[in-house]
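Coordinates from data_14.txt are shown below (compact mmCIF, N, CA and C atoms).
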# COMPACT_ATOMS: atom_id res chain seq x y z
N MET A 1 117.25 138.00 136.44
CA MET A 1 117.62 136.70 135.93
C MET A 1 117.93 135.73 137.06
N TRP A 2 118.54 136.19 138.10
CA TRP A 2 118.98 135.29 139.16
C TRP A 2 117.85 134.87 140.07
N ALA A 3 116.64 135.35 139.85
CA ALA A 3 115.50 134.93 140.64
C ALA A 3 114.91 133.62 140.13
N LEU A 4 115.49 133.05 139.10
CA LEU A 4 115.02 131.78 138.56
C LEU A 4 115.30 130.65 139.54
N SER A 5 114.61 129.55 139.37
CA SER A 5 114.73 128.40 140.26
C SER A 5 116.16 127.85 140.30
N ARG A 6 116.58 127.39 141.48
CA ARG A 6 117.89 126.76 141.62
C ARG A 6 117.96 125.45 140.85
N ASN A 7 116.81 124.80 140.67
CA ASN A 7 116.77 123.50 140.01
C ASN A 7 116.63 123.60 138.50
N LEU A 8 116.70 124.80 137.97
CA LEU A 8 116.60 125.01 136.53
C LEU A 8 117.80 124.38 135.83
N GLU A 9 117.53 123.69 134.73
CA GLU A 9 118.62 123.13 133.94
C GLU A 9 119.31 124.26 133.19
N VAL A 10 120.63 124.29 133.25
CA VAL A 10 121.41 125.31 132.56
C VAL A 10 122.38 124.59 131.64
N PHE A 11 122.34 124.94 130.36
CA PHE A 11 123.23 124.35 129.37
C PHE A 11 124.11 125.44 128.79
N ILE A 12 125.41 125.23 128.81
CA ILE A 12 126.35 126.16 128.19
C ILE A 12 126.77 125.58 126.85
N TYR A 13 126.57 126.35 125.80
CA TYR A 13 126.99 125.95 124.46
C TYR A 13 128.49 126.21 124.36
N ARG A 14 129.27 125.17 124.03
CA ARG A 14 130.72 125.26 124.13
C ARG A 14 131.42 125.56 122.81
N HIS A 15 130.76 126.35 121.99
CA HIS A 15 131.37 126.85 120.76
C HIS A 15 131.02 128.33 120.64
N PRO A 16 131.86 129.12 120.01
CA PRO A 16 131.56 130.56 119.88
C PRO A 16 130.29 130.80 119.07
N VAL A 17 129.55 131.84 119.47
CA VAL A 17 128.29 132.17 118.82
C VAL A 17 128.34 133.63 118.34
N ASP A 18 127.79 133.86 117.16
CA ASP A 18 127.65 135.21 116.63
C ASP A 18 126.60 135.93 117.47
N MET A 19 126.98 137.00 118.13
CA MET A 19 126.08 137.70 119.04
C MET A 19 125.03 138.55 118.32
N ARG A 20 125.00 138.51 116.98
CA ARG A 20 123.90 139.14 116.27
C ARG A 20 122.65 138.29 116.32
N LYS A 21 122.79 137.03 116.73
CA LYS A 21 121.63 136.15 116.86
C LYS A 21 120.76 136.64 118.02
N SER A 22 119.48 136.51 117.82
CA SER A 22 118.55 136.88 118.89
C SER A 22 117.65 135.69 119.19
N PHE A 23 116.40 135.93 119.49
CA PHE A 23 115.48 134.89 119.94
C PHE A 23 115.45 133.68 119.00
N ASP A 24 115.17 133.90 117.72
CA ASP A 24 115.01 132.79 116.79
C ASP A 24 116.32 132.06 116.52
N GLY A 25 117.40 132.79 116.34
CA GLY A 25 118.69 132.16 116.07
C GLY A 25 119.20 131.35 117.25
N LEU A 26 119.05 131.88 118.45
CA LEU A 26 119.51 131.15 119.64
C LEU A 26 118.62 129.94 119.92
N SER A 27 117.31 130.08 119.71
CA SER A 27 116.43 128.92 119.93
C SER A 27 116.69 127.83 118.89
N ALA A 28 117.06 128.21 117.66
CA ALA A 28 117.41 127.22 116.65
C ALA A 28 118.68 126.48 117.04
N LEU A 29 119.67 127.19 117.61
CA LEU A 29 120.88 126.52 118.10
C LEU A 29 120.54 125.53 119.21
N ALA A 30 119.67 125.94 120.13
CA ALA A 30 119.29 125.06 121.23
C ALA A 30 118.59 123.81 120.71
N LYS A 31 117.72 123.99 119.74
CA LYS A 31 116.94 122.86 119.23
C LYS A 31 117.75 121.93 118.34
N HIS A 32 118.46 122.48 117.37
CA HIS A 32 119.11 121.64 116.36
C HIS A 32 120.53 121.22 116.73
N THR A 33 121.28 122.08 117.37
CA THR A 33 122.67 121.74 117.69
C THR A 33 122.79 121.09 119.06
N LEU A 34 122.11 121.66 120.05
CA LEU A 34 122.17 121.09 121.39
C LEU A 34 121.20 119.94 121.59
N LYS A 35 120.25 119.79 120.68
CA LYS A 35 119.23 118.72 120.75
C LYS A 35 118.41 118.82 122.03
N GLU A 36 118.08 120.04 122.43
CA GLU A 36 117.25 120.29 123.60
C GLU A 36 116.02 121.07 123.16
N ASP A 37 114.96 120.97 123.95
CA ASP A 37 113.72 121.69 123.65
C ASP A 37 113.83 123.12 124.17
N PRO A 38 113.90 124.12 123.28
CA PRO A 38 114.01 125.49 123.77
C PRO A 38 112.74 125.99 124.45
N LEU A 39 111.62 125.29 124.26
CA LEU A 39 110.37 125.66 124.91
C LEU A 39 110.22 124.99 126.27
N GLY A 40 111.19 124.20 126.66
CA GLY A 40 111.16 123.52 127.95
C GLY A 40 111.62 124.45 129.06
N SER A 41 111.90 123.86 130.20
CA SER A 41 112.30 124.66 131.36
C SER A 41 113.81 124.63 131.54
N ALA A 42 114.51 125.11 130.54
CA ALA A 42 115.98 125.15 130.60
C ALA A 42 116.47 126.53 130.20
N LEU A 43 117.64 126.86 130.68
CA LEU A 43 118.30 128.12 130.35
C LEU A 43 119.51 127.78 129.49
N PHE A 44 119.65 128.44 128.35
CA PHE A 44 120.73 128.18 127.42
C PHE A 44 121.68 129.37 127.41
N VAL A 45 122.98 129.10 127.57
CA VAL A 45 123.99 130.15 127.67
C VAL A 45 124.89 130.09 126.44
N PHE A 46 125.07 131.25 125.80
CA PHE A 46 125.90 131.36 124.61
C PHE A 46 126.92 132.47 124.82
N VAL A 47 128.16 132.24 124.34
CA VAL A 47 129.24 133.20 124.51
C VAL A 47 129.90 133.45 123.15
N ASN A 48 130.35 134.67 122.90
CA ASN A 48 130.99 134.98 121.63
C ASN A 48 132.45 134.50 121.61
N ARG A 49 133.08 134.58 120.44
CA ARG A 49 134.43 134.06 120.25
C ARG A 49 135.46 134.74 121.16
N ARG A 50 135.35 136.05 121.35
CA ARG A 50 136.29 136.77 122.20
C ARG A 50 135.98 136.59 123.68
N ARG A 51 134.88 135.93 123.99
CA ARG A 51 134.43 135.65 125.36
C ARG A 51 134.15 136.94 126.15
N THR A 52 133.69 137.96 125.44
CA THR A 52 133.37 139.22 126.11
C THR A 52 131.87 139.45 126.21
N GLN A 53 131.07 138.62 125.54
CA GLN A 53 129.62 138.76 125.59
C GLN A 53 128.98 137.42 125.89
N MET A 54 127.92 137.48 126.69
CA MET A 54 127.17 136.28 127.06
C MET A 54 125.69 136.58 126.86
N ARG A 55 124.98 135.62 126.27
CA ARG A 55 123.53 135.71 126.14
C ARG A 55 122.92 134.45 126.71
N CYS A 56 121.82 134.64 127.43
CA CYS A 56 121.08 133.52 128.02
C CYS A 56 119.67 133.53 127.46
N LEU A 57 119.23 132.39 126.96
CA LEU A 57 117.89 132.23 126.39
C LEU A 57 117.06 131.37 127.33
N TYR A 58 115.83 131.82 127.60
CA TYR A 58 114.94 131.11 128.50
C TYR A 58 113.51 131.31 128.02
N PHE A 59 112.71 130.25 128.06
CA PHE A 59 111.29 130.35 127.73
C PHE A 59 110.52 130.37 129.03
N ASP A 60 109.80 131.45 129.30
CA ASP A 60 109.14 131.59 130.60
C ASP A 60 107.66 131.22 130.59
N GLY A 61 107.21 130.50 129.58
CA GLY A 61 105.83 130.02 129.56
C GLY A 61 105.00 130.64 128.45
N ASP A 62 105.22 131.92 128.17
CA ASP A 62 104.46 132.54 127.09
C ASP A 62 105.35 133.29 126.09
N GLY A 63 106.65 133.20 126.27
CA GLY A 63 107.57 133.84 125.33
C GLY A 63 109.01 133.67 125.76
N TYR A 64 109.90 133.96 124.82
CA TYR A 64 111.33 133.86 125.11
C TYR A 64 111.83 135.10 125.84
N CYS A 65 112.83 134.89 126.67
CA CYS A 65 113.56 135.98 127.31
C CYS A 65 115.02 135.81 126.93
N VAL A 66 115.68 136.92 126.62
CA VAL A 66 117.12 136.91 126.34
C VAL A 66 117.77 137.91 127.27
N TRP A 67 118.72 137.42 128.05
CA TRP A 67 119.52 138.29 128.91
C TRP A 67 120.91 138.37 128.31
N ALA A 68 121.49 139.53 128.38
CA ALA A 68 122.82 139.72 127.79
C ALA A 68 123.72 140.43 128.78
N LYS A 69 125.01 140.10 128.70
CA LYS A 69 126.03 140.79 129.49
C LYS A 69 127.23 140.99 128.59
N ARG A 70 127.72 142.22 128.54
CA ARG A 70 128.92 142.54 127.77
C ARG A 70 129.96 143.08 128.74
N LEU A 71 131.14 142.47 128.71
CA LEU A 71 132.22 142.91 129.59
C LEU A 71 132.98 144.06 128.96
N GLU A 72 133.30 145.04 129.75
CA GLU A 72 134.12 146.15 129.28
C GLU A 72 135.61 145.80 129.35
N HIS A 73 135.95 144.87 130.23
CA HIS A 73 137.35 144.46 130.39
C HIS A 73 137.35 143.00 130.84
N GLY A 74 138.26 142.20 130.33
CA GLY A 74 138.35 140.80 130.73
C GLY A 74 137.50 139.91 129.84
N CYS A 75 137.37 138.64 130.24
CA CYS A 75 136.58 137.70 129.46
C CYS A 75 135.96 136.65 130.37
N PHE A 76 134.92 135.99 129.85
CA PHE A 76 134.27 134.90 130.57
C PHE A 76 135.15 133.66 130.49
N GLN A 77 135.20 132.91 131.54
CA GLN A 77 136.06 131.72 131.62
C GLN A 77 135.31 130.49 131.10
N VAL A 78 135.09 130.45 129.79
CA VAL A 78 134.41 129.34 129.13
C VAL A 78 135.41 128.64 128.24
N GLN A 79 135.42 127.31 128.28
CA GLN A 79 136.34 126.52 127.47
C GLN A 79 135.65 126.09 126.19
N TRP A 80 136.34 126.19 125.06
CA TRP A 80 135.81 125.73 123.78
C TRP A 80 136.26 124.28 123.58
N ASP A 81 135.55 123.36 124.10
CA ASP A 81 135.89 121.95 124.01
C ASP A 81 134.67 121.15 123.56
N GLU A 82 134.91 119.89 123.30
CA GLU A 82 133.81 118.97 123.09
C GLU A 82 133.35 118.50 124.46
N PRO A 83 132.16 118.15 124.66
CA PRO A 83 131.01 118.10 123.77
C PRO A 83 130.45 119.49 123.50
N HIS A 84 129.41 119.55 122.66
CA HIS A 84 128.82 120.83 122.28
C HIS A 84 128.19 121.56 123.46
N LYS A 85 127.77 120.81 124.45
CA LYS A 85 127.10 121.45 125.59
C LYS A 85 127.60 120.84 126.88
N VAL A 86 127.45 121.61 127.94
CA VAL A 86 127.75 121.11 129.27
C VAL A 86 126.63 121.60 130.17
N ARG A 87 126.17 120.71 131.02
CA ARG A 87 125.10 121.06 131.95
C ARG A 87 125.73 121.53 133.26
N VAL A 88 125.31 122.69 133.73
CA VAL A 88 125.82 123.25 134.98
C VAL A 88 124.63 123.66 135.84
N ASP A 89 124.91 124.03 137.07
CA ASP A 89 123.84 124.53 137.94
C ASP A 89 123.88 126.05 137.96
N MET A 90 122.88 126.64 138.60
CA MET A 90 122.78 128.10 138.63
C MET A 90 123.96 128.75 139.35
N SER A 91 124.49 128.10 140.37
CA SER A 91 125.62 128.70 141.08
C SER A 91 126.86 128.78 140.19
N THR A 92 127.07 127.79 139.33
CA THR A 92 128.19 127.83 138.39
C THR A 92 128.00 128.94 137.36
N LEU A 93 126.76 129.12 136.91
CA LEU A 93 126.48 130.21 135.98
C LEU A 93 126.74 131.56 136.63
N ARG A 94 126.38 131.69 137.89
CA ARG A 94 126.65 132.94 138.61
C ARG A 94 128.15 133.21 138.69
N LEU A 95 128.92 132.17 138.96
CA LEU A 95 130.37 132.33 139.01
C LEU A 95 130.92 132.81 137.67
N LEU A 96 130.48 132.17 136.58
CA LEU A 96 130.93 132.57 135.26
C LEU A 96 130.58 134.02 134.96
N ALA A 97 129.37 134.42 135.29
CA ALA A 97 128.92 135.79 135.01
C ALA A 97 129.69 136.80 135.85
N GLU A 98 130.15 136.39 137.02
CA GLU A 98 130.90 137.30 137.89
C GLU A 98 132.41 137.28 137.63
N GLY A 99 132.86 136.44 136.70
CA GLY A 99 134.27 136.43 136.35
C GLY A 99 135.12 135.46 137.15
N ILE A 100 134.48 134.50 137.79
CA ILE A 100 135.20 133.52 138.59
C ILE A 100 135.25 132.21 137.81
N SER A 101 136.43 131.63 137.70
CA SER A 101 136.58 130.37 136.98
C SER A 101 136.11 129.22 137.87
N PRO A 102 135.06 128.50 137.47
CA PRO A 102 134.54 127.41 138.29
C PRO A 102 135.53 126.27 138.52
N GLN A 103 136.50 126.08 137.62
CA GLN A 103 137.43 124.96 137.79
C GLN A 103 138.39 125.17 138.96
N TYR A 104 138.55 126.40 139.43
CA TYR A 104 139.44 126.66 140.55
C TYR A 104 138.70 126.83 141.87
N VAL A 105 137.40 126.63 141.85
CA VAL A 105 136.60 126.77 143.06
C VAL A 105 136.44 125.40 143.69
N LYS A 106 136.69 125.30 144.98
CA LYS A 106 136.52 124.02 145.67
C LYS A 106 135.10 123.94 146.20
N ARG A 107 134.40 122.89 145.81
CA ARG A 107 133.03 122.68 146.27
C ARG A 107 133.02 121.58 147.32
N PHE A 108 132.27 121.83 148.37
CA PHE A 108 132.12 120.85 149.43
C PHE A 108 130.81 120.10 149.23
N ARG A 109 130.78 118.87 149.68
CA ARG A 109 129.59 118.04 149.51
C ARG A 109 128.42 118.63 150.28
N ARG A 110 127.28 118.64 149.64
CA ARG A 110 126.04 119.11 150.24
C ARG A 110 124.94 118.16 149.84
N TYR A 111 123.87 118.19 150.62
CA TYR A 111 122.71 117.40 150.26
C TYR A 111 122.06 118.01 149.03
N SER A 112 121.64 117.16 148.13
CA SER A 112 120.96 117.60 146.92
C SER A 112 119.78 116.68 146.69
N HIS A 113 118.61 117.26 146.63
CA HIS A 113 117.42 116.47 146.37
C HIS A 113 117.48 115.94 144.95
N PRO A 114 117.23 114.63 144.75
CA PRO A 114 117.35 114.07 143.41
C PRO A 114 116.34 114.72 142.45
N VAL A 115 116.79 114.99 141.24
CA VAL A 115 115.93 115.58 140.23
C VAL A 115 115.13 114.46 139.59
N GLN A 116 113.81 114.68 139.49
CA GLN A 116 112.96 113.67 138.88
C GLN A 116 113.08 113.75 137.37
N ALA A 117 113.05 112.59 136.75
CA ALA A 117 113.14 112.54 135.29
C ALA A 117 111.88 113.14 134.68
N ARG A 118 112.08 113.83 133.55
CA ARG A 118 110.94 114.41 132.85
C ARG A 118 110.13 113.31 132.18
N VAL A 119 108.82 113.39 132.32
CA VAL A 119 107.93 112.42 131.69
C VAL A 119 107.33 113.07 130.46
N LEU A 120 107.57 112.48 129.32
CA LEU A 120 107.02 113.00 128.07
C LEU A 120 105.70 112.31 127.78
N VAL A 121 104.69 113.07 127.52
CA VAL A 121 103.36 112.52 127.26
C VAL A 121 103.08 112.51 125.79
Could you rewrite the structure in this file as structure tokens?
Amino acid sequence: MWALSRNLEVFIYRHPVDMRKSFDGLSALAKHTLKEDPLGSALFVFVNRRRTQMRCLYFDGDGYCVWAKRLEHGCFQVQWDEPHKVRVDMSTLRLLAEGISPQYVKRFRRYSHPVQARVLV
């Protein structure tokens, strides 16, 4: 999973999700609730109510991929707040998956190449 592009859009859904959902249920949440194209080049992150399970949905060009992580102890540091989604970068997702709270991490300024706007045809 971590071999994906650094410039990949990552959206975290900020409400608890029933982890019985799989490809179709998670893609429906991405499309209808998050108002994003699940067939685009974005990674969608969903966490259960107890914050012990995380699922990531990604469309890799010819099909969906779902990655899952279940914690045996502890919980993911995700806040249940508005808005429904928050856009983060891959490094923040790595921190969340490793059990590090991104709000307590100090980030230093770095050069970032501007992301070009998507052109819809």
What lies within 6.5 Å of Pro16 of chain A using only N, CA and C atoms, ignoring chain neighbours under 2 positions off, as a PDB file with N, CA and C atoms, keeping the file's coordinate frame?
ATOM      1  N   TYR A  13     126.570 126.350 125.800  1.00  0.00           N
ATOM      2  CA  TYR A  13     126.990 125.950 124.460  1.00  0.00           C
ATOM      3  C   TYR A  13     128.490 126.210 124.360  1.00  0.00           C
ATOM      4  N   ARG A  14     129.270 125.170 124.030  1.00  0.00           N
ATOM      5  CA  ARG A  14     130.720 125.260 124.130  1.00  0.00           C
ATOM      6  C   ARG A  14     131.420 125.560 122.810  1.00  0.00           C
ATOM      7  N   ASP A  18     127.790 133.860 117.160  1.00  0.00           N
ATOM      8  CA  ASP A  18     127.650 135.210 116.630  1.00  0.00           C
ATOM      9  C   ASP A  18     126.600 135.930 117.470  1.00  0.00           C
ATOM     10  N   VAL A  47     128.160 132.240 124.340  1.00  0.00           N
ATOM     11  CA  VAL A  47     129.240 133.200 124.510  1.00  0.00           C
ATOM     12  C   VAL A  47     129.900 133.450 123.150  1.00  0.00           C
ATOM     13  N   ASN A  48     130.350 134.670 122.900  1.00  0.00           N
ATOM     14  CA  ASN A  48     130.990 134.980 121.630  1.00  0.00           C
ATOM     15  C   ASN A  48     132.450 134.500 121.610  1.00  0.00           C
ATOM     16  N   ARG A  49     133.080 134.580 120.440  1.00  0.00           N
ATOM     17  CA  ARG A  49     134.430 134.060 120.250  1.00  0.00           C
ATOM     18  C   ARG A  49     135.460 134.740 121.160  1.00  0.00           C
ATOM     19  N   TRP A  80     136.340 126.190 125.060  1.00  0.00           N
ATOM     20  CA  TRP A  80     135.810 125.730 123.780  1.00  0.00           C
ATOM     21  C   TRP A  80     136.260 124.280 123.580  1.00  0.00           C
TER      22      TRP A  80
END
Task: Contacts of Phe59 of chain A within 8 Å, all atoms listed in the file, excl. fewer than 4 positions in-chain, as a VMD selection string - done: chain A and resid 38 to 44 63 to 66
- [ ] Find the residues with any atom within 8 Å of (134.3, 132.7, 127.2); use all atoms listed in the file and the coordinates as given in the file, and write the answer as a count of residues only.
- [x] 15
TODO: Have a look at atom N of Ser27 of chain A and atom C of Leu93 of chain A and let me know their distance in Å, one decimal.
DONE: 19.4 Å
- [ ] Between A:Ile100, A:Arg20, A:Gly74, A:Ile12, single out the one closest to Val45 of chain A, counting only N, CA and C atoms.
- [x] A:Ile12
TODO: Kindly give the distance, in Å, that separates atom C of Gln103 of chain A and atom C of Lys21 of chain A, rounded to a single decimal.
DONE: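 Computing it gives 29.7 Å between the two atoms.
Atom CA of His84 of chain A is found 6.7 Å from atom CA of His15 of chain A.
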Task: helix (DSSP H, G or I) per DSSP on the backbone: members of segment 8-113 of chain A, as a PyMOL selection string - done: chain A and resi 23-33+90-98+102-104
Task: DSSP strand (DSSP E) residues within chain A, as a ChimeraX atom specification - done: /A:9-13,42-47,53-59,64-70,85-88
Centre and edges of the segment 70-80 of chain A box, axis-aligned, 6 Å extra per side, as lines of an AutoDock Vina configuration file:
center_x = 133.0
center_y = 135.2
center_z = 127.6
size_x = 22.6
size_y = 33.9
size_z = 20.0
